[in-house]
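Source file: my_file-v1.cif; contents: mmCIF, C-alpha atoms, pLDDT in the B column; chains and numbers go by the auth columns.
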```
data_target
loop_
_atom_site.group_PDB
_atom_site.id
_atom_site.type_symbol
_atom_site.label_atom_id
_atom_site.label_comp_id
_atom_site.label_asym_id
_atom_site.label_seq_id
_atom_site.Cartn_x
_atom_site.Cartn_y
_atom_site.Cartn_z
_atom_site.B_iso_or_equiv
_atom_site.auth_seq_id
_atom_site.auth_asym_id
ATOM 1 C CA MET A 1 -0.042 -10.034 9.355 95.00 29 A
ATOM 2 C CA LYS A 2 2.810 -8.745 7.233 97.00 30 A
ATOM 3 C CA ALA A 3 2.337 -5.718 4.996 98.00 31 A
ATOM 4 C CA THR A 4 4.825 -4.518 2.410 98.00 32 A
ATOM 5 C CA ILE A 5 4.733 -1.307 0.439 98.00 33 A
ATOM 6 C CA ILE A 6 6.612 -1.753 -2.833 98.00 34 A
ATOM 7 C CA ALA A 7 7.161 1.645 -4.406 96.00 35 A
ATOM 8 C CA ILE A 8 8.919 3.491 -7.164 96.00 36 A
ATOM 9 C CA GLY A 9 10.967 6.460 -5.977 94.00 37 A
ATOM 10 C CA LYS A 10 13.073 6.760 -2.847 93.00 38 A
ATOM 11 C CA CYS A 11 11.928 8.718 0.175 93.00 39 A
ATOM 12 C CA LYS A 12 14.465 11.127 1.689 93.00 40 A
ATOM 13 C CA LYS A 13 15.273 9.990 5.236 91.00 41 A
ATOM 14 C CA LYS A 14 14.950 13.466 6.778 92.00 42 A
ATOM 15 C CA SER A 15 11.761 14.538 4.989 94.00 43 A
ATOM 16 C CA PRO A 16 8.443 15.405 6.670 95.00 44 A
ATOM 17 C CA GLU A 17 6.841 12.486 4.814 95.00 45 A
ATOM 18 C CA ALA A 18 9.479 10.085 6.211 96.00 46 A
ATOM 19 C CA ASP A 19 8.622 11.279 9.728 97.00 47 A
ATOM 20 C CA ILE A 20 4.934 10.489 9.177 97.00 48 A
ATOM 21 C CA ILE A 21 5.720 7.136 7.563 97.00 49 A
ATOM 22 C CA ASN A 22 8.046 6.143 10.403 96.00 50 A
ATOM 23 C CA GLU A 23 5.486 7.170 13.028 97.00 51 A
ATOM 24 C CA TYR A 24 2.844 4.844 11.579 97.00 52 A
ATOM 25 C CA ILE A 25 5.369 2.038 11.113 97.00 53 A
ATOM 26 C CA LYS A 26 6.184 2.364 14.845 97.00 54 A
ATOM 27 C CA ARG A 27 2.486 2.282 15.776 96.00 55 A
ATOM 28 C CA SER A 28 1.784 -0.711 13.567 95.00 56 A
ATOM 29 C CA GLY A 29 1.019 -4.039 15.153 94.00 57 A
ATOM 30 C CA TRP A 30 1.799 -5.673 11.819 96.00 58 A
ATOM 31 C CA GLN A 31 5.252 -6.179 10.399 97.00 59 A
ATOM 32 C CA LEU A 32 5.276 -3.265 7.939 97.00 60 A
ATOM 33 C CA THR A 33 8.162 -2.804 5.500 96.00 61 A
ATOM 34 C CA ILE A 34 8.868 -0.617 2.501 97.00 62 A
ATOM 35 C CA LYS A 35 10.846 -1.710 -0.537 97.00 63 A
ATOM 36 C CA GLU A 36 11.689 1.013 -3.019 96.00 64 A
ATOM 37 C CA LYS A 37 13.527 1.591 -6.281 95.00 65 A
ATOM 38 C CA ASP A 38 14.622 4.736 -8.067 94.00 66 A
ATOM 39 C CA ASN A 39 12.513 5.924 -10.990 91.00 67 A
ATOM 40 C CA SER A 40 13.353 4.203 -14.245 91.00 68 A
ATOM 41 C CA THR A 41 11.543 3.179 -17.393 94.00 69 A
ATOM 42 C CA GLN A 42 7.967 2.039 -16.925 95.00 70 A
ATOM 43 C CA LYS A 43 8.967 -1.479 -18.025 96.00 71 A
ATOM 44 C CA ASP A 44 11.832 -1.663 -15.480 96.00 72 A
ATOM 45 C CA GLU A 45 9.547 -0.309 -12.769 96.00 73 A
ATOM 46 C CA ALA A 46 6.932 -2.963 -13.566 97.00 74 A
ATOM 47 C CA GLU A 47 9.573 -5.708 -13.446 97.00 75 A
ATOM 48 C CA PHE A 48 10.772 -4.476 -10.043 97.00 76 A
ATOM 49 C CA LEU A 49 7.249 -4.232 -8.633 98.00 77 A
ATOM 50 C CA GLN A 50 6.167 -7.642 -9.904 97.00 78 A
ATOM 51 C CA SER A 51 9.375 -9.440 -8.900 97.00 79 A
ATOM 52 C CA SER A 52 9.168 -7.960 -5.388 97.00 80 A
ATOM 53 C CA ILE A 53 5.733 -9.402 -4.592 98.00 81 A
ATOM 54 C CA PRO A 54 6.183 -11.896 -1.751 95.00 82 A
ATOM 55 C CA HIS A 55 5.059 -15.437 -2.584 94.00 83 A
ATOM 56 C CA GLY A 56 1.459 -15.992 -1.496 95.00 84 A
ATOM 57 C CA ALA A 57 0.789 -12.324 -0.693 98.00 85 A
ATOM 58 C CA LYS A 58 -2.442 -10.595 -1.676 98.00 86 A
ATOM 59 C CA VAL A 59 -1.617 -7.718 -4.024 98.00 87 A
ATOM 60 C CA ILE A 60 -3.218 -4.289 -3.837 98.00 88 A
ATOM 61 C CA VAL A 61 -2.257 -2.011 -6.718 98.00 89 A
ATOM 62 C CA LEU A 62 -2.756 1.697 -6.110 96.00 90 A
ATOM 63 C CA ASP A 63 -4.157 3.180 -9.300 94.00 91 A
ATOM 64 C CA GLU A 64 -6.432 6.135 -9.982 90.00 92 A
ATOM 65 C CA ARG A 65 -8.749 3.850 -11.971 91.00 93 A
ATOM 66 C CA GLY A 66 -9.235 1.472 -9.047 95.00 94 A
ATOM 67 C CA GLU A 67 -12.048 1.065 -6.552 96.00 95 A
ATOM 68 C CA ASN A 68 -12.607 3.989 -4.209 95.00 96 A
ATOM 69 C CA LEU A 69 -13.339 2.238 -0.902 97.00 97 A
ATOM 70 C CA LYS A 70 -14.071 3.573 2.546 96.00 98 A
ATOM 71 C CA SER A 71 -11.529 2.619 5.212 97.00 99 A
ATOM 72 C CA THR A 72 -14.065 0.267 6.805 97.00 100 A
ATOM 73 C CA GLU A 73 -14.683 -1.469 3.461 97.00 101 A
ATOM 74 C CA LEU A 74 -10.970 -1.988 2.884 98.00 102 A
ATOM 75 C CA ALA A 75 -10.562 -3.250 6.453 98.00 103 A
ATOM 76 C CA ALA A 76 -13.421 -5.738 5.929 98.00 104 A
ATOM 77 C CA LYS A 77 -11.822 -7.021 2.707 98.00 105 A
ATOM 78 C CA ILE A 78 -8.449 -7.495 4.416 98.00 106 A
ATOM 79 C CA ALA A 79 -10.114 -9.129 7.443 98.00 107 A
ATOM 80 C CA ASP A 80 -11.825 -11.569 5.065 98.00 108 A
ATOM 81 C CA TRP A 81 -8.452 -12.364 3.494 98.00 109 A
ATOM 82 C CA GLN A 82 -6.993 -12.971 6.964 97.00 110 A
ATOM 83 C CA LEU A 83 -9.842 -15.328 7.845 97.00 111 A
ATOM 84 C CA ALA A 84 -9.190 -17.204 4.603 97.00 112 A
ATOM 85 C CA GLY A 85 -5.551 -17.712 5.626 97.00 113 A
ATOM 86 C CA THR A 86 -3.729 -14.770 4.066 97.00 114 A
ATOM 87 C CA SER A 87 -0.765 -13.736 6.186 96.00 115 A
ATOM 88 C CA GLU A 88 0.763 -11.128 3.901 98.00 116 A
ATOM 89 C CA ILE A 89 -0.440 -8.252 1.755 98.00 117 A
ATOM 90 C CA CYS A 90 1.536 -5.908 -0.425 98.00 118 A
ATOM 91 C CA PHE A 91 0.701 -2.511 -1.849 98.00 119 A
ATOM 92 C CA LEU A 92 2.233 -1.452 -5.169 98.00 120 A
ATOM 93 C CA ILE A 93 2.847 2.227 -5.882 96.00 121 A
ATOM 94 C CA GLY A 94 3.997 2.899 -9.441 94.00 122 A
ATOM 95 C CA GLY A 95 6.097 5.659 -10.886 93.00 123 A
ATOM 96 C CA ALA A 96 4.982 8.934 -12.420 89.00 124 A
ATOM 97 C CA ASP A 97 3.618 7.187 -15.511 91.00 125 A
ATOM 98 C CA GLY A 98 1.549 4.732 -13.491 91.00 126 A
ATOM 99 C CA HIS A 99 1.312 0.962 -13.818 95.00 127 A
ATOM 100 C CA LEU A 100 1.546 -1.227 -16.875 96.00 128 A
ATOM 101 C CA GLN A 101 -1.422 -3.506 -17.505 96.00 129 A
ATOM 102 C CA SER A 102 0.734 -6.500 -16.564 97.00 130 A
ATOM 103 C CA THR A 103 1.059 -5.074 -13.034 97.00 131 A
ATOM 104 C CA ARG A 104 -2.677 -4.387 -12.785 97.00 132 A
ATOM 105 C CA ASP A 105 -3.281 -7.981 -13.903 97.00 133 A
ATOM 106 C CA ARG A 106 -1.364 -9.241 -10.829 97.00 134 A
ATOM 107 C CA ALA A 107 -3.723 -7.381 -8.473 98.00 135 A
ATOM 108 C CA ASP A 108 -6.197 -8.963 -6.103 98.00 136 A
ATOM 109 C CA LEU A 109 -7.538 -5.435 -5.676 98.00 137 A
ATOM 110 C CA ILE A 110 -6.969 -2.242 -7.630 98.00 138 A
ATOM 111 C CA LEU A 111 -7.446 0.604 -5.185 97.00 139 A
ATOM 112 C CA ALA A 112 -7.842 4.344 -5.735 96.00 140 A
ATOM 113 C CA PHE A 113 -7.370 6.956 -3.060 93.00 141 A
ATOM 114 C CA GLY A 114 -9.705 9.287 -4.901 88.00 142 A
ATOM 115 C CA ARG A 115 -9.141 10.970 -8.216 84.00 143 A
ATOM 116 C CA LEU A 116 -6.692 13.570 -6.947 83.00 144 A
ATOM 117 C CA THR A 117 -3.053 13.440 -7.987 83.00 145 A
ATOM 118 C CA MET A 118 -0.735 13.274 -4.976 85.00 146 A
ATOM 119 C CA PRO A 119 3.039 13.413 -4.703 88.00 147 A
ATOM 120 C CA HIS A 120 4.317 9.839 -4.358 87.00 148 A
ATOM 121 C CA MET A 121 5.940 10.380 -0.950 92.00 149 A
ATOM 122 C CA LEU A 122 2.783 11.969 0.436 94.00 150 A
ATOM 123 C CA MET A 123 0.824 8.981 -0.889 94.00 151 A
ATOM 124 C CA ARG A 124 3.130 6.680 1.080 95.00 152 A
ATOM 125 C CA ALA A 125 2.432 8.666 4.243 96.00 153 A
ATOM 126 C CA VAL A 126 -1.323 8.433 3.624 96.00 154 A
ATOM 127 C CA LEU A 127 -1.018 4.707 2.874 97.00 155 A
ATOM 128 C CA THR A 128 0.945 3.915 6.047 97.00 156 A
ATOM 129 C CA GLU A 129 -1.704 5.740 8.080 97.00 157 A
ATOM 130 C CA GLN A 130 -4.442 3.755 6.336 97.00 158 A
ATOM 131 C CA ILE A 131 -2.641 0.477 7.038 98.00 159 A
ATOM 132 C CA TYR A 132 -2.553 1.448 10.710 97.00 160 A
ATOM 133 C CA ARG A 133 -6.219 2.508 10.557 96.00 161 A
ATOM 134 C CA ILE A 134 -7.192 -0.845 8.996 97.00 162 A
ATOM 135 C CA GLN A 135 -5.519 -2.637 11.897 96.00 163 A
ATOM 136 C CA THR A 136 -7.444 -0.580 14.438 96.00 164 A
ATOM 137 C CA ILE A 137 -10.748 -1.163 12.637 97.00 165 A
ATOM 138 C CA ILE A 138 -10.158 -4.928 12.547 96.00 166 A
ATOM 139 C CA ALA A 139 -9.173 -4.894 16.239 95.00 167 A
ATOM 140 C CA GLY A 140 -12.188 -2.781 17.246 95.00 168 A
ATOM 141 C CA HIS A 141 -9.930 -0.008 18.565 91.00 169 A
ATOM 142 C CA PRO A 142 -11.554 3.456 18.817 91.00 170 A
ATOM 143 C CA TYR A 143 -8.949 5.203 16.583 90.00 171 A
ATOM 144 C CA HIS A 144 -11.352 5.146 13.622 88.00 172 A
ATOM 145 C CA ARG A 145 -14.639 6.988 13.960 85.00 173 A
ATOM 146 C CA GLU A 146 -17.562 7.280 11.590 81.00 174 A
#
```
Could I get this file's structure written as structure tokens?
Amino acid sequence: MKATIIAIGKCKKKSPEADIINEYIKRSGWQLTIKEKDNSTQKDEAEFLQSSIPHGAKVIVLDERGENLKSTELAAKIADWQLAGTSEICFLIGGADGHLQSTRDRADLILAFGRLTMPHMLMRAVLTEQIYRIQTIIAGHPYHRE
């Protein structure tokens, strides 16, 4: 499985968040990449996000108004997609003003990580850990406990 995080804002290479992100990318059994763009207008950000979606990929838009799933529920949804032939997923993280409706309309899933506001780089660190966690849940690895 390939997973791509497409995000607005650039992560500083020597930041604590970058260390966490890189650790989970190293652990990942999936090909995990990040594509990012500097903050811009909401319209330009939406164009970048939408044009960066790989052909045939399932799209998960991170949005505070999305579904608030447990890790096991998200893993089950992605496992179902894999069984149906999906080989690539992408996660879209918008800028400070969020996503335009046109970006939400491209989503196969709109996902919330709770109702808290998080700094964008911290959200990327949390997301990369969750991508790793999803892999371990699907594989039956004991990393995840309930």
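Applied to this file, the PyMOL selection byres ((chain A and resi 84) around 10) selects the residues Ile81, Pro82, His83, Ala85, Lys86, Val87, Thr114, Ser115, Glu116 and Ile117 of chain A.
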Legend entry - Local residues around (3.6, 0.0, 2.4), at most 6 Å away, using all atoms listed in the file, as a list of chain:residue names: A:Thr32, A:Ile33, A:Ile62, A:Phe119, A:Thr156
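Distance-wise, atom CA of A:Thr145 and atom CA of A:Gly126 end up 11.3 Å apart.
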Legend entry - Long-range neighbours of A:Arg134 as number ranges by chain, 9 Å cut-off, only C-alpha atoms, 6 positions minimum in chain: A: 78, 87-89
Legend entry - Test item: residues at most 12 Å from A:Met146, only C-alpha atoms, excluding those fewer than 4 positions along its chain, as a ChimeraX atom specification: /A:90-92,121,123-124,140-142,150-155
Inset, instruction - Check what the PyMOL selection byres ((chain A and resi 71) around 12) selects in the file above and give those residues as an MDAnalysis selection string. - result: chainID A and resid 36 67:70 72:78 122:123 125:131
Legend entry - Pairwise distance for atom CA of A:Gly37 and atom CA of A:Asn50, rounded to one decimal in Å: 16.6 Å
Inset, instruction - Measuring atom to atom with all atoms listed in the file, identify which of A:Ala135, A:Met149, A:Ile162, A:Ile48 is nearest to A:Leu102. - result: A:Ile162
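Nearest to A:Arg143 of all the residues A:Ala103, A:Gly113, A:Gly94, A:Pro170 is A:Gly94, counting all atoms listed in the file.
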Inset, instruction - Identify the residues within 10 Å of coordinate (-2.3, -4.7, 11.3) (same frame as the file), considering only C-alpha atoms, and give the answer as a list of chain:residue names. - result: A:Met29, A:Lys30, A:Ala31, A:Arg55, A:Ser56, A:Gly57, A:Trp58, A:Gln59, A:Leu60, A:Ala103, A:Ile106, A:Ala107, A:Ile159, A:Tyr160, A:Arg161, A:Ile162, A:Gln163, A:Thr164, A:Ile165, A:Ile166, A:Ala167
Legend entry - Selected residue, from A:Ser99, A:Glu51, A:Cys39, A:Glu45, that lies nearest to A:Arg173 when counting only C-alpha atoms: A:Ser99
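In this model, the gap between atom CA of A:Tyr171 and atom CA of A:Glu101 comes to 15.8 Å.
Among the candidate residues A:Arg93, A:Glu157, A:Pro147, A:Asp108, the one lying nearest to A:Arg132 is A:Arg93, with distances computed using only C-alpha atoms.
Between A:Leu137 and the candidates A:Thr61, A:Tyr52, A:Trp109, A:Ser79, the tightest atom-to-atom separation, counting all atoms listed in the file, involves A:Trp109.
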Coordinates of box centre and edge lengths for stretch 113-124 of chain A, 4 Å on every side, axis-aligned, as AutoDock Vina command-line options:
```
--center_x 0.3 --center_y -4.4 --center_z -3.1 --size_x 19.6 --size_y 34.6 --size_z 26.6
```
